[in-house]
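Structure file model-v3.cif with mmCIF, C-alpha atoms:
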data_start
#
loop_
_atom_site.group_PDB
_atom_site.id
_atom_site.type_symbol
_atom_site.label_atom_id
_atom_site.label_comp_id
_atom_site.auth_asym_id
_atom_site.auth_seq_id
_atom_site.Cartn_x
_atom_site.Cartn_y
_atom_site.Cartn_z
ATOM 1 C CA MET Y 1 153.537 154.664 164.128
ATOM 2 C CA LYS Y 2 152.551 158.015 162.541
ATOM 3 C CA GLN Y 3 154.151 159.508 159.479
ATOM 4 C CA ARG Y 4 153.716 162.974 158.040
ATOM 5 C CA ARG Y 5 151.663 162.789 154.856
ATOM 6 C CA GLY Y 6 154.101 164.987 152.932
ATOM 7 C CA THR Y 7 156.942 162.606 153.746
ATOM 8 C CA SER Y 8 154.807 159.623 152.739
ATOM 9 C CA VAL Y 9 153.959 161.220 149.388
ATOM 10 C CA SER Y 10 157.662 161.853 148.722
ATOM 11 C CA LEU Y 11 158.575 158.254 149.583
ATOM 12 C CA ALA Y 12 155.675 157.017 147.469
ATOM 13 C CA HIS Y 13 157.016 159.004 144.517
ATOM 14 C CA MET Y 14 160.485 157.508 145.013
ATOM 15 C CA ALA Y 15 159.001 154.001 145.138
ATOM 16 C CA ARG Y 16 157.017 154.622 141.933
ATOM 17 C CA LEU Y 17 160.141 155.877 140.212
ATOM 18 C CA ARG Y 18 162.062 152.769 141.252
ATOM 19 C CA GLN Y 19 159.123 150.604 140.164
ATOM 20 C CA ALA Y 20 159.320 152.132 136.681
ATOM 21 C CA ALA Y 21 163.119 151.797 136.565
ATOM 22 C CA TYR Y 22 163.125 148.078 137.393
ATOM 23 C CA ARG Y 23 160.342 147.428 134.892
ATOM 24 C CA PHE Y 24 162.290 149.367 132.267
ATOM 25 C CA VAL Y 25 165.424 147.218 132.577
ATOM 26 C CA SER Y 26 163.276 144.090 132.827
ATOM 27 C CA VAL Y 27 161.813 144.853 129.401
ATOM 28 C CA LEU Y 28 165.243 145.636 127.956
ATOM 29 C CA LEU Y 29 166.602 142.259 129.057
ATOM 30 C CA LEU Y 30 163.880 140.268 127.303
ATOM 31 C CA ASP Y 31 163.931 139.230 123.650
ATOM 32 C CA PRO Y 32 163.961 142.674 121.979
ATOM 33 C CA ASN Y 33 161.015 142.594 119.616
ATOM 34 C CA GLU Y 34 159.879 145.887 118.141
ATOM 35 C CA GLU Y 35 156.881 146.248 120.476
ATOM 36 C CA ARG Y 36 159.045 145.876 123.582
ATOM 37 C CA LEU Y 37 161.666 148.314 122.365
ATOM 38 C CA ASN Y 38 159.037 150.892 121.457
ATOM 39 C CA ALA Y 39 157.596 150.547 124.969
ATOM 40 C CA ALA Y 40 161.108 150.896 126.402
ATOM 41 C CA ARG Y 41 161.663 154.034 124.332
ATOM 42 C CA ASP Y 42 158.499 155.625 125.774
ATOM 43 C CA ALA Y 43 159.526 154.597 129.310
ATOM 44 C CA ALA Y 44 163.007 156.048 128.783
ATOM 45 C CA ARG Y 45 161.543 159.411 127.847
ATOM 46 C CA TYR Y 46 159.345 159.424 130.972
ATOM 47 C CA LEU Y 47 162.213 158.342 133.233
ATOM 48 C CA GLY Y 48 164.558 160.833 131.598
ATOM 49 C CA ARG Y 49 162.264 163.679 132.630
ATOM 50 C CA THR Y 50 161.667 162.307 136.114
ATOM 51 C CA TYR Y 51 165.226 161.233 136.894
ATOM 52 C CA ARG Y 52 166.519 164.793 136.668
ATOM 53 C CA GLN Y 53 165.527 165.059 140.322
ATOM 54 C CA ALA Y 54 168.090 162.311 141.055
ATOM 55 C CA SER Y 55 170.998 164.030 139.311
ATOM 56 C CA GLY Y 56 173.029 164.114 142.525
ATOM 57 C CA LEU Y 57 172.812 160.372 143.157
ATOM 58 C CA ALA Y 58 175.652 157.987 142.371
ATOM 59 C CA PHE Y 59 173.750 155.927 139.800
ATOM 60 C CA TYR Y 60 172.525 158.936 137.789
ATOM 61 C CA LYS Y 61 175.380 159.151 135.272
ATOM 62 C CA SER Y 62 175.012 155.595 133.933
ATOM 63 C CA TRP Y 63 171.221 155.921 133.891
ATOM 64 C CA HIS Y 64 171.279 159.266 132.122
ATOM 65 C CA THR Y 65 173.401 157.780 129.322
ATOM 66 C CA LEU Y 66 171.161 154.727 128.931
ATOM 67 C CA LEU Y 67 167.901 156.689 129.026
ATOM 68 C CA ARG Y 68 169.152 159.115 126.399
ATOM 69 C CA GLU Y 69 170.162 156.256 124.096
ATOM 70 C CA VAL Y 70 166.946 154.259 124.487
ATOM 71 C CA GLY Y 71 164.798 157.394 124.229
ATOM 72 C CA ALA Y 72 166.292 158.092 120.801
ATOM 73 C CA LEU Y 73 165.776 154.584 119.360
ATOM 74 C CA GLY Y 74 164.893 154.391 115.696
ATOM 75 C CA PRO Y 75 164.484 151.466 113.250
ATOM 76 C CA LEU Y 76 168.235 151.115 112.618
ATOM 77 C CA GLN Y 77 169.104 151.087 116.323
ATOM 78 C CA ILE Y 78 166.347 148.556 117.015
ATOM 79 C CA SER Y 79 167.778 146.264 114.350
ATOM 80 C CA ASP Y 80 171.279 146.593 115.851
ATOM 81 C CA ILE Y 81 169.963 145.769 119.334
ATOM 82 C CA GLN Y 82 168.199 142.671 118.036
ATOM 83 C CA LYS Y 83 171.412 141.470 116.400
ATOM 84 C CA ALA Y 84 173.411 142.151 119.575
ATOM 85 C CA TYR Y 85 170.894 140.199 121.674
ATOM 86 C CA CYS Y 86 171.145 137.178 119.377
ATOM 87 C CA SER Y 87 174.930 137.337 119.343
ATOM 88 C CA LEU Y 88 175.232 137.569 123.139
ATOM 89 C CA PHE Y 89 172.316 135.645 124.583
ATOM 90 C CA VAL Y 90 171.176 133.216 121.869
ATOM 91 C CA GLY Y 91 174.662 132.222 120.721
ATOM 92 C CA SER Y 92 175.804 130.400 117.630
ATOM 93 C CA SER Y 93 177.610 127.254 116.594
ATOM 94 C CA ALA Y 94 180.884 129.077 117.264
ATOM 95 C CA ARG Y 95 179.973 130.692 120.592
ATOM 96 C CA SER Y 96 177.855 129.620 123.522
ATOM 97 C CA PRO Y 97 175.309 132.154 124.812
ATOM 98 C CA VAL Y 98 175.807 134.299 127.885
ATOM 99 C CA PRO Y 99 173.217 133.032 130.430
ATOM 100 C CA LEU Y 100 170.605 135.560 131.499
ATOM 101 C CA HIS Y 101 169.464 133.597 134.539
ATOM 102 C CA GLU Y 102 170.951 133.225 137.993
ATOM 103 C CA SER Y 103 171.579 129.498 138.396
ATOM 104 C CA PRO Y 104 174.611 129.191 136.073
ATOM 105 C CA TYR Y 105 176.423 131.917 138.020
ATOM 106 C CA LEU Y 106 175.670 130.897 141.612
ATOM 107 C CA ASP Y 107 175.597 127.145 140.979
ATOM 108 C CA PRO Y 108 177.862 126.754 137.902
ATOM 109 C CA ARG Y 109 178.563 123.069 138.457
ATOM 110 C CA GLY Y 110 174.975 122.152 139.130
ATOM 111 C CA MET Y 111 175.820 120.868 142.606
ATOM 112 C CA ALA Y 112 172.383 121.837 143.925
ATOM 113 C CA PRO Y 113 169.974 121.446 140.996
ATOM 114 C CA GLY Y 114 166.912 123.621 141.334
ATOM 115 C CA LYS Y 115 168.052 125.290 144.581
ATOM 116 C CA VAL Y 116 168.078 128.805 143.153
ATOM 117 C CA LEU Y 117 164.692 128.287 141.511
ATOM 118 C CA VAL Y 118 163.210 127.094 144.790
ATOM 119 C CA GLN Y 119 164.636 130.115 146.616
ATOM 120 C CA VAL Y 120 163.306 132.734 144.208
ATOM 121 C CA GLU Y 121 159.930 131.042 143.838
ATOM 122 C CA ALA Y 122 159.584 130.944 147.642
ATOM 123 C CA GLN Y 123 160.025 134.715 147.769
ATOM 124 C CA TYR Y 124 157.540 135.228 144.931
ATOM 125 C CA THR Y 125 154.992 133.065 146.764
ATOM 126 C CA ALA Y 126 155.597 134.852 150.090
ATOM 127 C CA ALA Y 127 154.780 138.142 148.331
ATOM 128 C CA GLY Y 128 151.460 136.712 147.137
ATOM 129 C CA LEU Y 129 152.452 135.910 143.559
ATOM 130 C CA ARG Y 130 151.526 132.657 141.882
ATOM 131 C CA SER Y 131 153.762 130.855 139.439
ATOM 132 C CA SER Y 132 152.515 131.163 135.887
ATOM 133 C CA PRO Y 133 153.656 129.589 132.635
ATOM 134 C CA SER Y 134 156.349 131.799 131.145
ATOM 135 C CA VAL Y 135 158.965 131.693 128.454
ATOM 136 C CA GLU Y 136 161.495 132.758 131.083
ATOM 137 C CA THR Y 137 162.529 130.825 134.191
ATOM 138 C CA PRO Y 138 161.837 132.303 137.664
ATOM 139 C CA ASP Y 139 165.557 133.096 138.031
ATOM 140 C CA HIS Y 140 165.788 134.951 134.706
ATOM 141 C CA VAL Y 141 167.151 138.465 135.193
ATOM 142 C CA ALA Y 142 164.007 140.033 133.703
ATOM 143 C CA THR Y 143 161.744 138.023 136.024
ATOM 144 C CA GLU Y 144 163.770 139.003 139.082
ATOM 145 C CA MET Y 145 163.800 142.668 138.036
ATOM 146 C CA GLU Y 146 160.037 142.577 137.491
ATOM 147 C CA PHE Y 147 159.586 141.117 140.973
ATOM 148 C CA VAL Y 148 161.501 144.004 142.551
ATOM 149 C CA SER Y 149 159.376 146.372 140.460
ATOM 150 C CA PHE Y 150 156.263 144.703 141.878
ATOM 151 C CA LEU Y 151 157.521 145.161 145.450
ATOM 152 C CA CYS Y 152 158.297 148.835 144.781
ATOM 153 C CA GLY Y 153 154.756 149.327 143.462
ATOM 154 C CA LYS Y 154 153.283 147.754 146.610
ATOM 155 C CA GLU Y 155 155.574 149.937 148.722
ATOM 156 C CA ALA Y 156 154.274 153.047 146.944
ATOM 157 C CA GLU Y 157 150.700 151.989 147.743
ATOM 158 C CA ALA Y 158 151.644 151.557 151.406
ATOM 159 C CA TRP Y 159 153.141 155.060 151.551
ATOM 160 C CA ARG Y 160 150.048 156.501 149.871
ATOM 161 C CA SER Y 161 147.935 154.859 152.574
ATOM 162 C CA VAL Y 162 150.366 156.122 155.239
ATOM 163 C CA ASP Y 163 150.822 152.494 156.304
ATOM 164 C CA VAL Y 164 154.392 152.684 157.568
ATOM 165 C CA ASN Y 165 154.509 149.141 158.917
ATOM 166 C CA GLN Y 166 153.493 147.740 155.534
ATOM 167 C CA ALA Y 167 156.026 149.976 153.770
ATOM 168 C CA LEU Y 168 158.723 148.776 156.166
ATOM 169 C CA ASP Y 169 157.837 145.154 155.429
ATOM 170 C CA LEU Y 170 158.045 145.768 151.680
ATOM 171 C CA LEU Y 171 161.377 147.582 151.969
ATOM 172 C CA SER Y 172 162.681 144.602 153.960
ATOM 173 C CA ARG Y 173 161.472 142.209 151.250
ATOM 174 C CA GLN Y 174 163.236 144.270 148.583
ATOM 175 C CA LYS Y 175 166.502 144.379 150.498
ATOM 176 C CA THR Y 176 166.389 140.662 151.301
ATOM 177 C CA PHE Y 177 165.696 139.701 147.699
ATOM 178 C CA LEU Y 178 168.275 142.039 146.205
ATOM 179 C CA GLU Y 179 171.009 140.898 148.592
ATOM 180 C CA ALA Y 180 170.238 137.206 148.119
ATOM 181 C CA HIS Y 181 169.949 137.327 144.355
ATOM 182 C CA LEU Y 182 170.532 140.258 141.969
ATOM 183 C CA PHE Y 183 173.200 141.907 144.129
ATOM 184 C CA ARG Y 184 175.132 138.619 144.217
ATOM 185 C CA TRP Y 185 174.999 137.531 140.601
ATOM 186 C CA LEU Y 186 174.573 140.592 138.399
ATOM 187 C CA PRO Y 187 178.311 141.452 138.580
ATOM 188 C CA PHE Y 188 179.054 138.038 137.037
ATOM 189 C CA LEU Y 189 176.609 138.762 134.222
ATOM 190 C CA GLU Y 190 178.147 142.214 133.765
ATOM 191 C CA ASN Y 191 181.630 140.686 133.433
ATOM 192 C CA ALA Y 192 180.445 138.019 131.000
ATOM 193 C CA VAL Y 193 178.797 140.602 128.735
ATOM 194 C CA ALA Y 194 181.733 143.025 128.993
ATOM 195 C CA ARG Y 195 184.146 140.314 127.838
ATOM 196 C CA ARG Y 196 182.114 139.936 124.650
ATOM 197 C CA ASP Y 197 181.111 143.544 123.999
ATOM 198 C CA ARG Y 198 182.417 146.010 126.603
ATOM 199 C CA ASP Y 199 181.061 149.128 124.903
ATOM 200 C CA GLY Y 200 177.878 147.598 123.525
ATOM 201 C CA PHE Y 201 174.253 148.317 124.299
ATOM 202 C CA TYR Y 202 173.727 145.400 126.688
ATOM 203 C CA ALA Y 203 176.880 146.163 128.630
ATOM 204 C CA GLU Y 204 175.388 149.609 129.165
ATOM 205 C CA VAL Y 205 172.011 148.195 130.244
ATOM 206 C CA ILE Y 206 173.600 145.901 132.808
ATOM 207 C CA ARG Y 207 175.954 148.611 134.129
ATOM 208 C CA ALA Y 208 172.967 150.874 134.720
ATOM 209 C CA SER Y 209 171.044 148.009 136.338
ATOM 210 C CA TRP Y 210 173.931 147.262 138.676
ATOM 211 C CA ALA Y 211 174.241 150.938 139.628
ATOM 212 C CA LEU Y 212 170.557 151.007 140.568
ATOM 213 C CA ILE Y 213 170.734 147.744 142.546
ATOM 214 C CA ALA Y 214 173.851 148.774 144.487
ATOM 215 C CA HIS Y 215 172.209 152.097 145.325
ATOM 216 C CA ASP Y 216 168.957 150.412 146.400
ATOM 217 C CA VAL Y 217 170.655 147.946 148.731
ATOM 218 C CA ASP Y 218 172.177 150.899 150.577
ATOM 219 C CA MET Y 219 169.039 153.034 150.392
ATOM 220 C CA THR Y 220 166.641 150.339 151.623
ATOM 221 C CA GLY Y 221 169.018 149.565 154.481
ATOM 222 C CA PHE Y 222 169.094 153.241 155.466
ATOM 223 C CA LEU Y 223 165.311 153.628 155.305
ATOM 224 C CA ILE Y 224 164.700 150.422 157.246
ATOM 225 C CA SER Y 225 167.074 151.560 159.978
ATOM 226 C CA ARG Y 226 165.468 155.009 160.216
ATOM 227 C CA LEU Y 227 161.938 153.624 160.211
ATOM 228 C CA ARG Y 228 162.703 151.082 162.925
ATOM 229 C CA GLU Y 229 164.214 153.822 165.070
ATOM 230 C CA ALA Y 230 161.083 155.904 164.537
ATOM 231 C CA VAL Y 231 158.904 152.949 165.550
ATOM 232 C CA LYS Y 232 160.842 152.670 168.828
ATOM 233 C CA VAL Y 233 160.394 156.393 169.505
ATOM 234 C CA HIS Y 234 156.644 156.176 168.998
#
Just give me the structure as structure tokens.
Amino acid sequence: MKQRRGTSVSLAHMARLRQAAYRFVSVLLLDPNEERLNAARDAARYLGRTYRQASGLAFYKSWHTLLREVGALGPLQISDIQKAYCSLFVGSSARSPVPLHESPYLDPRGMAPGKVLVQVEAQYTAAGLRSSPSVETPDHVATEMEFVSFLCGKEAEAWRSVDVNQALDLLSRQKTFLEAHLFRWLPFLENAVARRDRDGFYAEVIRASWALIAHDVDMTGFLISRLREAVKVH
């Protein structure tokens, strides 16, 4: 199948933008040390400039608010974010932590121990990634977001090479993974965080993440459908 180079460049740019967005929220949902938050601040400033092109899209409002806040981070805000992370996700003797990984939400009673881990690791392996020792489990929200970021980066490379079949495969992998995992369980995480701190920083991060994921499930479905139709025509 042939694809006009100008169209491929545009789709490559969109994939790169999504790659950066997923990596950005992945970093924000890890333990917020100063180095990570400084990197997130720089990424927010880049995305803030680039995302102006997406001002008409449904997810833009929540992202614009988050990017503006993270782009303006200073020492006091960083300290507040670190305290909020500990309060929500580390917990205390008085309160249990909000889980940041998938298994407790989709298998809360532990009826199928390890099933979610096996499922996500199978998709990582199928994409050519090897398991590596990590502080976070394979079903941690940051790990799953980073995986989608990886797929978006590979998609961008495919568009740059005008390899439509490879791009179609990568879009299908993104849609399959999002629908099977983040699209299913992130609303539960959003509700759990909102119950503790509805107007807090992490509620905002997860709202923006959900807006992006919901948009991408629709967008990847649309692109896959259009590309498959184009394949039939050619």
Please expand the PyMOL selection byres ((chain Y and resi 220) around 8) into the concrete residues it hits in this file, giving the result as a PDB file with C-alpha atoms, keeping the file's coordinate frame.
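Saved to expr-v8.pdb:
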ATOM      1  CA  LEU Y 171     161.377 147.582 151.969  1.00  0.00           C
ATOM      2  CA  SER Y 172     162.681 144.602 153.960  1.00  0.00           C
ATOM      3  CA  GLN Y 174     163.236 144.270 148.583  1.00  0.00           C
ATOM      4  CA  LYS Y 175     166.502 144.379 150.498  1.00  0.00           C
ATOM      5  CA  ASP Y 216     168.957 150.412 146.400  1.00  0.00           C
ATOM      6  CA  VAL Y 217     170.655 147.946 148.731  1.00  0.00           C
ATOM      7  CA  ASP Y 218     172.177 150.899 150.577  1.00  0.00           C
ATOM      8  CA  MET Y 219     169.039 153.034 150.392  1.00  0.00           C
ATOM      9  CA  GLY Y 221     169.018 149.565 154.481  1.00  0.00           C
ATOM     10  CA  PHE Y 222     169.094 153.241 155.466  1.00  0.00           C
ATOM     11  CA  LEU Y 223     165.311 153.628 155.305  1.00  0.00           C
ATOM     12  CA  ILE Y 224     164.700 150.422 157.246  1.00  0.00           C
TER      13      ILE Y 224
END
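For the atom pair formed by CA of Gly114 (chain Y) and CA of Ser209 (chain Y), the distance is 25.2 Å, given to one decimal.
Evaluated against this file, the PyMOL selection byres ((chain Y and resi 62) around 8) yields Phe59, Tyr60, Lys61, Trp63, His64, Thr65, Leu66, Glu204, Arg207, Ala208 and Ala211 of chain Y.
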For this session: Go ahead and compute the interatomic distance for CA of Ala12 (chain Y) and CA of Glu155 (chain Y), in Å to one decimal.
Result: 7.2 Å
For this session: Show which residues sit within 10 Å of Ile78 (chain Y), as a VMD selection string. Count only C-alpha atoms, and ignore same-chain residues fewer than 5 positions away.
Result: chain Y and resid 32 to 34 37 to 38 70 73 83 to 84
Exercise. On this structure, which residues satisfy the PyMOL selection byres ((chain Y and resi 181-183) around 9), written as a list in words?
Worked result: Glu102, Val116, Val120, Asp139, Val141, Glu144, Met145, Thr176, Phe177, Leu178, Glu179, Ala180, Arg184, Trp185, Leu186, Pro187, Trp210, Ile213, Ala214 and Val217 of chain Y
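Using only C-alpha atoms, the shortest contact distance between Phe150 (chain Y) and any of Y:Ala15, Y:Tyr51, Y:Asp80, Y:Tyr85 is found at Y:Ala15.
Computed from the coordinates, the CA of Gln19 (chain Y) to CA of Asp197 (chain Y) distance equals 28.2 Å.
The nearest approach to Gln119 (chain Y) among the residues Y:Phe201, Y:Ser26, Y:Pro138, Y:Ala156, with only C-alpha atoms taken into account, belongs to Y:Pro138.
Shortest atom-to-atom contact with Lys154 (chain Y) among Y:Gly128, Y:Pro97, Y:Gly110, Y:Gly48: Y:Gly128, counting only C-alpha atoms.
Remark: for Ala127 (chain Y), the closest of the candidate residues Y:Phe147, Y:Tyr46, Y:Tyr105, Y:Phe24 is Y:Phe147 (distances computed over all atoms listed in the file).
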Problem set entry | Y:Arg198, Y:Lys115, Y:Arg18, Y:Arg45 ranked by distance to Leu151 (chain Y), top pick (using all atoms listed in the file) | Y:Arg18
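Candidate residues Y:Phe89, Y:Thr125, Y:Arg109, Y:Val162 were compared for distance to Ala192 (chain Y), and the nearest is Y:Phe89, using only C-alpha atoms.
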For this session: Using all atoms listed in the file, find all polymer residues with an atom at most 10 Å away from the point (157.8, 152.5, 156.9); report them as a ChimeraX atom specification.
Result: /Y:1-3,8,11,155,158-159,162-172,223-228,230-231
Is it possible to add N, CA and C atoms to region 141-153 of chain Y and hand it back as a tab-separated table (two decimals), in the frame of the given file?
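Full text of rebuild_2.tsv as output:
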chain	number	residue	atom	x	y	z
Y	141	VAL	N	166.90	137.10	134.71
Y	141	VAL	CA	167.15	138.46	135.19
Y	141	VAL	C	165.92	139.35	135.02
Y	142	ALA	N	165.19	139.20	133.92
Y	142	ALA	CA	164.01	140.03	133.70
Y	142	ALA	C	162.91	139.71	134.71
Y	143	THR	N	162.75	138.43	135.04
Y	143	THR	CA	161.74	138.02	136.02
Y	143	THR	C	162.09	138.58	137.40
Y	144	GLU	N	163.35	138.50	137.77
Y	144	GLU	CA	163.77	139.00	139.08
Y	144	GLU	C	163.63	140.53	139.15
Y	145	MET	N	163.97	141.22	138.06
Y	145	MET	CA	163.80	142.67	138.04
Y	145	MET	C	162.32	143.04	138.14
Y	146	GLU	N	161.48	142.30	137.45
Y	146	GLU	CA	160.04	142.58	137.49
Y	146	GLU	C	159.48	142.35	138.89
Y	147	PHE	N	160.03	141.37	139.61
Y	147	PHE	CA	159.59	141.12	140.97
Y	147	PHE	C	159.93	142.30	141.88
Y	148	VAL	N	161.14	142.83	141.74
Y	148	VAL	CA	161.50	144.00	142.55
Y	148	VAL	C	160.60	145.18	142.18
Y	149	SER	N	160.29	145.33	140.90
Y	149	SER	CA	159.38	146.37	140.46
Y	149	SER	C	158.02	146.22	141.14
Y	150	PHE	N	157.54	144.98	141.22
Y	150	PHE	CA	156.26	144.70	141.88
Y	150	PHE	C	156.31	145.13	143.34
Y	151	LEU	N	157.39	144.79	144.05
Y	151	LEU	CA	157.52	145.16	145.45
Y	151	LEU	C	157.56	146.68	145.63
Y	152	CYS	N	158.24	147.37	144.72
Y	152	CYS	CA	158.30	148.84	144.78
Y	152	CYS	C	156.91	149.43	144.60
Y	153	GLY	N	156.12	148.85	143.67
Y	153	GLY	CA	154.76	149.33	143.46
Y	153	GLY	C	153.89	149.15	144.70
